[in-house]
Every structure is written in C-alpha cells, then in structure tokens.
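Shown below: run-v2.txt, with compact mmCIF, N, CA and C atoms and all ligand atoms.
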```txt
# COMPACT_ATOMS: atom_id res chain seq x y z
N MET A 1 -12.44 -104.78 -24.67
CA MET A 1 -12.61 -106.22 -24.86
C MET A 1 -12.55 -106.95 -23.52
N VAL A 2 -13.39 -107.94 -23.39
CA VAL A 2 -13.41 -108.70 -22.14
C VAL A 2 -12.23 -109.66 -22.11
N ASP A 3 -11.55 -109.71 -21.00
CA ASP A 3 -10.47 -110.66 -20.79
C ASP A 3 -11.03 -112.08 -20.89
N PRO A 4 -10.57 -112.90 -21.86
CA PRO A 4 -11.17 -114.23 -22.04
C PRO A 4 -11.00 -115.14 -20.82
N THR A 5 -10.00 -114.86 -19.99
CA THR A 5 -9.80 -115.74 -18.83
C THR A 5 -10.89 -115.56 -17.79
N ILE A 6 -11.63 -114.43 -17.87
CA ILE A 6 -12.73 -114.25 -16.92
C ILE A 6 -14.05 -114.11 -17.65
N LYS A 7 -14.10 -114.73 -18.84
CA LYS A 7 -15.35 -114.78 -19.58
C LYS A 7 -15.95 -116.17 -19.37
N CYS A 8 -17.12 -116.21 -18.75
CA CYS A 8 -17.75 -117.49 -18.44
C CYS A 8 -18.59 -117.93 -19.63
N LEU A 9 -18.23 -119.06 -20.24
CA LEU A 9 -18.96 -119.54 -21.41
C LEU A 9 -20.09 -120.49 -21.00
N LYS A 10 -19.78 -121.37 -20.06
CA LYS A 10 -20.74 -122.41 -19.74
C LYS A 10 -20.50 -122.89 -18.31
N VAL A 11 -21.60 -123.17 -17.61
CA VAL A 11 -21.50 -123.72 -16.26
C VAL A 11 -22.15 -125.09 -16.28
N ARG A 12 -21.43 -126.08 -15.79
CA ARG A 12 -22.00 -127.43 -15.67
C ARG A 12 -22.10 -127.80 -14.20
N SER A 13 -23.32 -127.93 -13.74
CA SER A 13 -23.53 -128.27 -12.34
C SER A 13 -24.76 -129.16 -12.23
N PRO A 14 -24.62 -130.44 -12.62
CA PRO A 14 -25.78 -131.32 -12.57
C PRO A 14 -26.30 -131.46 -11.15
N ARG A 15 -27.60 -131.58 -11.03
CA ARG A 15 -28.20 -131.72 -9.72
C ARG A 15 -27.59 -132.91 -8.98
N GLY A 16 -27.24 -132.70 -7.75
CA GLY A 16 -26.66 -133.78 -6.96
C GLY A 16 -25.15 -133.89 -7.10
N ALA A 17 -24.58 -133.13 -8.04
CA ALA A 17 -23.12 -133.19 -8.22
C ALA A 17 -22.41 -132.56 -7.02
N THR A 18 -21.18 -132.94 -6.83
CA THR A 18 -20.40 -132.34 -5.74
C THR A 18 -19.34 -131.40 -6.29
N VAL A 19 -19.28 -131.32 -7.61
CA VAL A 19 -18.31 -130.45 -8.27
C VAL A 19 -19.02 -129.71 -9.40
N THR A 20 -18.75 -128.40 -9.51
CA THR A 20 -19.27 -127.61 -10.64
C THR A 20 -18.11 -127.30 -11.57
N GLU A 21 -18.38 -127.37 -12.88
CA GLU A 21 -17.35 -127.04 -13.86
C GLU A 21 -17.75 -125.78 -14.61
N ILE A 22 -16.78 -124.94 -14.90
CA ILE A 22 -17.03 -123.73 -15.68
C ILE A 22 -16.07 -123.70 -16.86
N ASP A 23 -16.62 -123.52 -18.07
CA ASP A 23 -15.78 -123.33 -19.24
C ASP A 23 -15.48 -121.85 -19.39
N TRP A 24 -14.21 -121.51 -19.42
CA TRP A 24 -13.80 -120.11 -19.55
C TRP A 24 -13.42 -119.78 -20.99
N GLY A 25 -13.44 -118.50 -21.30
CA GLY A 25 -13.23 -118.02 -22.66
C GLY A 25 -11.88 -118.35 -23.27
N ASP A 26 -10.91 -118.66 -22.44
CA ASP A 26 -9.59 -119.01 -22.97
C ASP A 26 -9.44 -120.51 -23.16
N GLY A 27 -10.55 -121.26 -23.01
CA GLY A 27 -10.49 -122.70 -23.23
C GLY A 27 -10.22 -123.51 -21.96
N HIS A 28 -10.04 -122.82 -20.84
CA HIS A 28 -9.77 -123.51 -19.59
C HIS A 28 -11.07 -124.04 -18.97
N THR A 29 -11.02 -125.26 -18.46
CA THR A 29 -12.17 -125.79 -17.73
C THR A 29 -11.89 -125.68 -16.24
N GLY A 30 -12.68 -124.86 -15.58
CA GLY A 30 -12.50 -124.65 -14.15
C GLY A 30 -13.21 -125.75 -13.36
N ILE A 31 -12.56 -126.22 -12.32
CA ILE A 31 -13.11 -127.28 -11.47
C ILE A 31 -13.35 -126.69 -10.08
N TYR A 32 -14.59 -126.82 -9.60
CA TYR A 32 -14.97 -126.19 -8.33
C TYR A 32 -15.69 -127.17 -7.42
N PRO A 33 -14.94 -127.86 -6.57
CA PRO A 33 -15.62 -128.70 -5.57
C PRO A 33 -16.54 -127.80 -4.73
N HIS A 34 -17.73 -128.29 -4.44
CA HIS A 34 -18.70 -127.44 -3.73
C HIS A 34 -18.23 -127.06 -2.34
N GLU A 35 -17.43 -127.92 -1.75
CA GLU A 35 -16.85 -127.61 -0.46
C GLU A 35 -16.03 -126.32 -0.53
N VAL A 36 -15.34 -126.16 -1.67
CA VAL A 36 -14.51 -124.97 -1.87
C VAL A 36 -15.39 -123.75 -2.17
N LEU A 37 -16.38 -123.95 -3.07
CA LEU A 37 -17.26 -122.83 -3.43
C LEU A 37 -17.98 -122.28 -2.21
N ARG A 38 -18.58 -123.18 -1.45
CA ARG A 38 -19.33 -122.72 -0.29
C ARG A 38 -18.41 -122.23 0.81
N GLY A 39 -17.32 -122.95 1.00
CA GLY A 39 -16.38 -122.59 2.07
C GLY A 39 -15.80 -121.20 1.87
N TYR A 40 -15.65 -120.80 0.62
CA TYR A 40 -15.11 -119.47 0.33
C TYR A 40 -16.21 -118.50 -0.11
N CYS A 41 -17.43 -118.73 0.35
CA CYS A 41 -18.51 -117.80 0.03
C CYS A 41 -18.11 -116.38 0.44
N PRO A 42 -18.15 -115.46 -0.52
CA PRO A 42 -17.65 -114.11 -0.24
C PRO A 42 -18.67 -113.17 0.39
N CYS A 43 -19.88 -113.63 0.70
CA CYS A 43 -20.91 -112.69 1.16
C CYS A 43 -20.60 -112.15 2.56
N ALA A 44 -21.22 -111.05 2.88
CA ALA A 44 -20.97 -110.38 4.16
C ALA A 44 -21.41 -111.25 5.33
N GLY A 45 -22.48 -112.04 5.11
CA GLY A 45 -22.96 -112.93 6.17
C GLY A 45 -21.92 -113.95 6.57
N CYS A 46 -21.16 -114.44 5.60
CA CYS A 46 -20.13 -115.44 5.89
C CYS A 46 -18.82 -114.79 6.30
N GLN A 47 -18.53 -113.62 5.74
CA GLN A 47 -17.18 -113.08 5.86
C GLN A 47 -17.09 -111.75 6.61
N GLY A 48 -18.24 -111.15 6.92
CA GLY A 48 -18.16 -109.79 7.42
C GLY A 48 -17.75 -108.88 6.27
N HIS A 49 -17.32 -107.69 6.59
CA HIS A 49 -17.06 -106.72 5.52
C HIS A 49 -15.58 -106.46 5.30
N SER A 50 -14.75 -107.04 6.13
CA SER A 50 -13.36 -106.61 6.05
C SER A 50 -12.43 -107.72 5.60
N GLY A 51 -11.32 -107.30 5.07
CA GLY A 51 -10.19 -108.17 4.86
C GLY A 51 -10.38 -109.25 3.82
N SER A 52 -9.57 -110.29 3.96
CA SER A 52 -9.56 -111.34 2.98
C SER A 52 -10.66 -112.36 3.28
N ILE A 53 -10.81 -113.31 2.39
CA ILE A 53 -11.89 -114.28 2.52
C ILE A 53 -11.33 -115.58 3.09
N ARG A 54 -11.92 -116.01 4.20
CA ARG A 54 -11.40 -117.20 4.84
C ARG A 54 -12.32 -118.39 4.59
N PHE A 55 -11.72 -119.56 4.70
CA PHE A 55 -12.47 -120.78 4.44
C PHE A 55 -13.32 -121.14 5.64
N ILE A 56 -14.58 -121.47 5.36
CA ILE A 56 -15.51 -121.86 6.42
C ILE A 56 -15.97 -123.29 6.13
N GLU A 57 -15.79 -124.14 7.11
CA GLU A 57 -16.18 -125.54 6.95
C GLU A 57 -17.70 -125.67 6.89
N CYS A 58 -18.21 -126.36 5.86
CA CYS A 58 -19.66 -126.53 5.72
C CYS A 58 -19.98 -128.00 5.48
N HIS A 59 -21.23 -128.36 5.76
CA HIS A 59 -21.61 -129.77 5.67
C HIS A 59 -23.01 -129.93 5.08
N GLY A 60 -23.29 -131.13 4.62
CA GLY A 60 -24.64 -131.54 4.23
C GLY A 60 -25.28 -130.62 3.21
N ALA A 61 -26.50 -130.16 3.51
CA ALA A 61 -27.27 -129.35 2.57
C ALA A 61 -26.57 -128.05 2.23
N GLN A 62 -25.66 -127.64 3.08
CA GLN A 62 -24.90 -126.41 2.80
C GLN A 62 -24.04 -126.58 1.55
N LEU A 63 -23.75 -127.82 1.20
CA LEU A 63 -22.86 -128.08 0.06
C LEU A 63 -23.62 -128.51 -1.18
N GLU A 64 -24.95 -128.48 -1.12
CA GLU A 64 -25.74 -128.86 -2.29
C GLU A 64 -26.24 -127.62 -3.00
N LEU A 65 -25.88 -127.51 -4.26
CA LEU A 65 -26.28 -126.32 -5.03
C LEU A 65 -27.71 -126.46 -5.51
N ASP A 66 -28.48 -125.42 -5.28
CA ASP A 66 -29.88 -125.40 -5.69
C ASP A 66 -30.05 -124.62 -7.00
N GLY A 67 -29.17 -123.68 -7.24
CA GLY A 67 -29.29 -122.90 -8.46
C GLY A 67 -28.12 -121.97 -8.67
N ILE A 68 -27.88 -121.65 -9.94
CA ILE A 68 -26.81 -120.72 -10.30
C ILE A 68 -27.39 -119.69 -11.26
N GLU A 69 -27.27 -118.43 -10.92
CA GLU A 69 -27.81 -117.37 -11.77
C GLU A 69 -26.70 -116.42 -12.16
N PRO A 70 -26.56 -116.13 -13.45
CA PRO A 70 -25.60 -115.10 -13.83
C PRO A 70 -26.08 -113.72 -13.38
N VAL A 71 -25.16 -112.90 -12.96
CA VAL A 71 -25.47 -111.54 -12.53
C VAL A 71 -24.70 -110.59 -13.43
N GLY A 72 -25.42 -109.78 -14.21
CA GLY A 72 -24.76 -108.95 -15.20
C GLY A 72 -23.91 -109.86 -16.07
N ASN A 73 -22.72 -109.39 -16.45
CA ASN A 73 -21.83 -110.35 -17.10
C ASN A 73 -20.51 -110.39 -16.37
N TYR A 74 -20.63 -110.31 -15.05
CA TYR A 74 -19.39 -110.30 -14.28
C TYR A 74 -19.38 -111.27 -13.10
N ALA A 75 -20.51 -111.91 -12.82
CA ALA A 75 -20.55 -112.73 -11.61
C ALA A 75 -21.63 -113.81 -11.70
N LEU A 76 -21.55 -114.77 -10.79
CA LEU A 76 -22.60 -115.77 -10.60
C LEU A 76 -23.12 -115.67 -9.17
N ALA A 77 -24.44 -115.79 -9.05
CA ALA A 77 -25.04 -115.89 -7.71
C ALA A 77 -25.36 -117.36 -7.47
N LEU A 78 -24.88 -117.90 -6.36
CA LEU A 78 -25.11 -119.31 -6.05
C LEU A 78 -26.14 -119.44 -4.94
N LYS A 79 -27.06 -120.36 -5.17
CA LYS A 79 -28.07 -120.64 -4.15
C LYS A 79 -27.88 -122.07 -3.67
N TRP A 80 -27.87 -122.22 -2.34
CA TRP A 80 -27.61 -123.53 -1.74
C TRP A 80 -28.87 -124.09 -1.11
N PHE A 81 -28.86 -125.39 -0.88
CA PHE A 81 -30.05 -126.07 -0.37
C PHE A 81 -30.46 -125.63 1.04
N ASP A 82 -29.54 -125.10 1.79
CA ASP A 82 -29.91 -124.64 3.13
C ASP A 82 -30.52 -123.24 3.07
N GLY A 83 -30.73 -122.71 1.84
CA GLY A 83 -31.38 -121.42 1.70
C GLY A 83 -30.42 -120.27 1.55
N HIS A 84 -29.15 -120.53 1.69
CA HIS A 84 -28.16 -119.45 1.59
C HIS A 84 -28.02 -119.02 0.13
N SER A 85 -28.22 -117.73 -0.13
CA SER A 85 -28.18 -117.30 -1.54
C SER A 85 -27.60 -115.91 -1.70
N THR A 86 -26.83 -115.45 -0.74
CA THR A 86 -26.30 -114.09 -0.82
C THR A 86 -24.88 -114.04 -1.39
N GLY A 87 -24.32 -115.21 -1.70
CA GLY A 87 -22.96 -115.21 -2.23
C GLY A 87 -22.92 -114.80 -3.70
N LEU A 88 -22.15 -113.77 -3.97
CA LEU A 88 -21.98 -113.29 -5.34
C LEU A 88 -20.51 -113.50 -5.70
N TYR A 89 -20.29 -114.37 -6.66
CA TYR A 89 -18.93 -114.76 -7.01
C TYR A 89 -18.55 -114.10 -8.33
N SER A 90 -17.66 -113.12 -8.27
CA SER A 90 -17.23 -112.49 -9.52
C SER A 90 -16.44 -113.50 -10.34
N TYR A 91 -16.45 -113.33 -11.64
CA TYR A 91 -15.71 -114.26 -12.48
C TYR A 91 -14.22 -114.24 -12.16
N ARG A 92 -13.73 -113.06 -11.81
CA ARG A 92 -12.32 -112.97 -11.46
C ARG A 92 -12.03 -113.80 -10.21
N TYR A 93 -12.93 -113.70 -9.25
CA TYR A 93 -12.77 -114.47 -8.02
C TYR A 93 -12.87 -115.98 -8.31
N LEU A 94 -13.87 -116.34 -9.11
CA LEU A 94 -14.05 -117.76 -9.46
C LEU A 94 -12.80 -118.31 -10.15
N ARG A 95 -12.28 -117.49 -11.04
CA ARG A 95 -11.10 -117.96 -11.76
C ARG A 95 -9.96 -118.25 -10.77
N SER A 96 -9.82 -117.42 -9.78
CA SER A 96 -8.75 -117.61 -8.80
C SER A 96 -9.02 -118.79 -7.88
N LEU A 97 -10.29 -119.20 -7.80
CA LEU A 97 -10.65 -120.33 -6.93
C LEU A 97 -10.51 -121.69 -7.62
N CYS A 98 -10.22 -121.67 -8.90
CA CYS A 98 -10.20 -122.93 -9.66
C CYS A 98 -9.32 -123.97 -8.97
N HIS A 99 -9.85 -125.17 -8.86
CA HIS A 99 -9.12 -126.24 -8.18
C HIS A 99 -8.71 -127.36 -9.13
N CYS A 100 -8.53 -127.05 -10.40
CA CYS A 100 -8.02 -128.08 -11.30
C CYS A 100 -6.53 -128.31 -11.00
N GLY A 101 -6.01 -129.41 -11.53
CA GLY A 101 -4.62 -129.77 -11.25
C GLY A 101 -3.63 -128.73 -11.74
N GLN A 102 -4.03 -127.98 -12.76
CA GLN A 102 -3.15 -126.97 -13.34
C GLN A 102 -3.10 -125.71 -12.46
N CYS A 103 -4.25 -125.31 -11.94
CA CYS A 103 -4.30 -124.08 -11.15
C CYS A 103 -3.84 -124.30 -9.70
N GLN A 104 -4.02 -125.52 -9.20
CA GLN A 104 -3.60 -125.83 -7.83
C GLN A 104 -2.63 -127.01 -7.92
N PRO A 105 -1.47 -126.77 -8.51
CA PRO A 105 -0.58 -127.88 -8.88
C PRO A 105 -0.08 -128.69 -7.69
N ASN A 106 -0.06 -128.10 -6.53
CA ASN A 106 0.44 -128.86 -5.38
C ASN A 106 -0.62 -129.76 -4.78
N GLY A 107 -1.84 -129.62 -5.29
CA GLY A 107 -2.91 -130.50 -4.84
C GLY A 107 -3.07 -130.52 -3.34
N ALA A 108 -2.76 -129.39 -2.71
CA ALA A 108 -2.81 -129.34 -1.25
C ALA A 108 -4.26 -129.31 -0.79
N LYS A 109 -4.87 -130.46 -0.84
CA LYS A 109 -6.30 -130.55 -0.62
C LYS A 109 -6.73 -130.03 0.74
N ASN A 110 -5.91 -130.18 1.72
CA ASN A 110 -6.34 -129.81 3.06
C ASN A 110 -5.88 -128.42 3.47
N GLU A 111 -5.19 -127.76 2.55
CA GLU A 111 -4.79 -126.39 2.86
C GLU A 111 -5.85 -125.45 2.34
N ARG A 112 -6.34 -124.59 3.19
CA ARG A 112 -7.38 -123.64 2.80
C ARG A 112 -6.92 -122.25 3.18
N PRO A 113 -6.02 -121.69 2.38
CA PRO A 113 -5.49 -120.36 2.72
C PRO A 113 -6.57 -119.29 2.56
N GLU A 114 -6.36 -118.17 3.25
CA GLU A 114 -7.24 -117.03 3.02
C GLU A 114 -7.00 -116.51 1.61
N ARG A 115 -8.05 -115.92 1.04
CA ARG A 115 -7.96 -115.47 -0.35
C ARG A 115 -8.32 -114.00 -0.43
N PRO A 116 -7.68 -113.31 -1.37
CA PRO A 116 -8.03 -111.89 -1.52
C PRO A 116 -9.41 -111.74 -2.13
N ARG A 117 -10.08 -110.65 -1.77
CA ARG A 117 -11.34 -110.29 -2.40
C ARG A 117 -11.10 -109.82 -3.83
N MET A 118 -11.97 -110.24 -4.76
CA MET A 118 -11.83 -109.76 -6.13
C MET A 118 -13.20 -109.47 -6.70
ZN ZN B 201 -22.21 -116.56 2.29
ZN ZN B 202 -7.89 -124.39 -13.39
```

Can the structure in the file be given as structure tokens, please?
Amino acid sequence: MVDPTIKCLKVRSPRGATVTEIDWGDGHTGIYPHEVLRGYCPCAGCQGHSGSIRFIECHGAQLELDGIEPVGNYALALKWFDGHSTGLYSYRYLRSLCHCGQCQPNGAKNERPERPRM
C-alpha cells in the first residue's frame, strides 16, 4: 500500500502564481513557494552529485513555473520559464519541503538549511 502522506492527489499551480499547492493523500495541503521549489532543485546541474541539497538563490523567470509533469507515481518533473527542466522532485522530498505553518512551525522564512536527498 502506498503511504498516503506521499500520495499526490492534486497539484494546484495557476499560471503566474508564486506558490504551488499539493493535496496529499492524508488530507494535508502542501504549500510550496516557488522560491523554495526552485531553490532546492535536486537536479545534478544545480546540486552536483554528492551530499545534501543546498538552497540556491534564484530570480525572475527562474521562479516562474512553465509546467508540472508527473513521473511514474513517485515524482513530479518541474519545468521553469528559463528553460530549466531537469529537476525531479520525489513525493517524499516534496513532502519534506512543505512550507505550510504546520510543517515549518517556526516560520523561519530566511533560514534555508541544507536538506537530505530523498
Ligand atoms: Zn536544477
Ligand atoms: Zn505542510
């Protein structure tokens, strides 16, 4: 059985939005500011191949989502307006990135710790 906390039911990312929302199988609504999604892009081009995932500051078209494609039933591929499309975000990773008030209770908006690969 699939763990409902990493089951992606619905993605809401209206064109021009700065935040994407994901409804998860356990009823949780994930909140993903694009600055966070792009900044923590897990692809090798952004992160190299080793270690944890660090936050990379991005601006302008880099933060505009052009498309979201499900990959298998375990990840989303995000395409950005600057043409970057190699980021593959596993549902487990996305779940850990959630920036809702419940998941990031300290609201430490300016803290961007390194994150484990998932
Ligand atoms: Zn990347
Ligand atoms: Zn959350």

Please report, as a ChimeraX atom specification, each residue of segment 68-100 of chain A to which DSSP assigns strand (DSSP E) when run on this structure's backbone.
-> /A:68-71,75-80,87-90

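The spacing separating atom C of Pro4 of chain A from atom C of Trp24 of chain A amounts to 5.2 Å.
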
For each of A:Ala61, A:Ile56, A:Ile6, A:Val71, take the minimum atom-to-atom distance to ligand ZN 202 (chain B), counting only C-alpha atoms and all ligand atoms, then give the residue where this is smallest.
-> A:Ile6

For the atom pair atom CA of His34 of chain A and atom CA of Arg112 of chain A, what is the interatomic distance in Å to one decimal place?
-> 13.6 Å

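Minimum distance to Glu114 of chain A across A:Leu78, A:Gly45, A:Leu97, A:Val2 (counting only C-alpha atoms) occurs at A:Leu97.
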
List the residues sitting within 6 Å of (-28.8, -122.9, -7.1) in the file's frame, using only C-alpha atoms, as JSON, numbers by chain.
-> {"A": [65, 66, 67, 68, 78, 79, 80]}

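Proximity to Arg95 of chain A was assessed for A:Pro14, A:Cys41, A:Val19, A:Gly30 counting only N, CA and C atoms; the smallest distance is recorded for A:Gly30.
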
Draw an axis-aligned box over all listed atoms of segment 26-34 of chain A, pad each side with 5 Å, and write its centre and edge lengths in Å, one decimal, as JSON.
```
{"center_x": -14.1, "center_y": -123.7, "center_z": -12.8, "size_x": 19.3, "size_y": 20.0, "size_z": 30.9}
```

At a cut-off of 6.5 Å, can you tabulate as JSON lines every residue of chain A near ligand ZN 202 (chain B) together with its closest atom pair and the distance in Å to one decimal, using only N, CA and C atoms and all ligand atoms and ordering rows by chain then number?
```
{"residue": "A:His28", "atom": "C", "partner": "B:ZN202", "partner_atom": "ZN", "distance": 6.4}
{"residue": "A:Thr29", "atom": "C", "partner": "B:ZN202", "partner_atom": "ZN", "distance": 5.1}
{"residue": "A:Gly30", "atom": "CA", "partner": "B:ZN202", "partner_atom": "ZN", "distance": 4.7}
{"residue": "A:Ile31", "atom": "N", "partner": "B:ZN202", "partner_atom": "ZN", "distance": 5.1}
{"residue": "A:Cys98", "atom": "CA", "partner": "B:ZN202", "partner_atom": "ZN", "distance": 4.6}
{"residue": "A:His99", "atom": "N", "partner": "B:ZN202", "partner_atom": "ZN", "distance": 5.0}
{"residue": "A:Cys100", "atom": "N", "partner": "B:ZN202", "partner_atom": "ZN", "distance": 4.1}
{"residue": "A:Gly101", "atom": "N", "partner": "B:ZN202", "partner_atom": "ZN", "distance": 5.7}
{"residue": "A:Gln102", "atom": "C", "partner": "B:ZN202", "partner_atom": "ZN", "distance": 5.1}
{"residue": "A:Cys103", "atom": "N", "partner": "B:ZN202", "partner_atom": "ZN", "distance": 4.0}
{"residue": "A:Gln104", "atom": "N", "partner": "B:ZN202", "partner_atom": "ZN", "distance": 5.8}
```

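Contacts with ligand ZN 201 (chain B) are defined as any residue atom within 7 Å of a ligand atom, using only C-alpha atoms and all ligand atoms; the residues meeting this criterion are Cys41, Pro42, Cys43, Ala44, Gly45, Cys46, His84, Thr86 and Gly87 of chain A.
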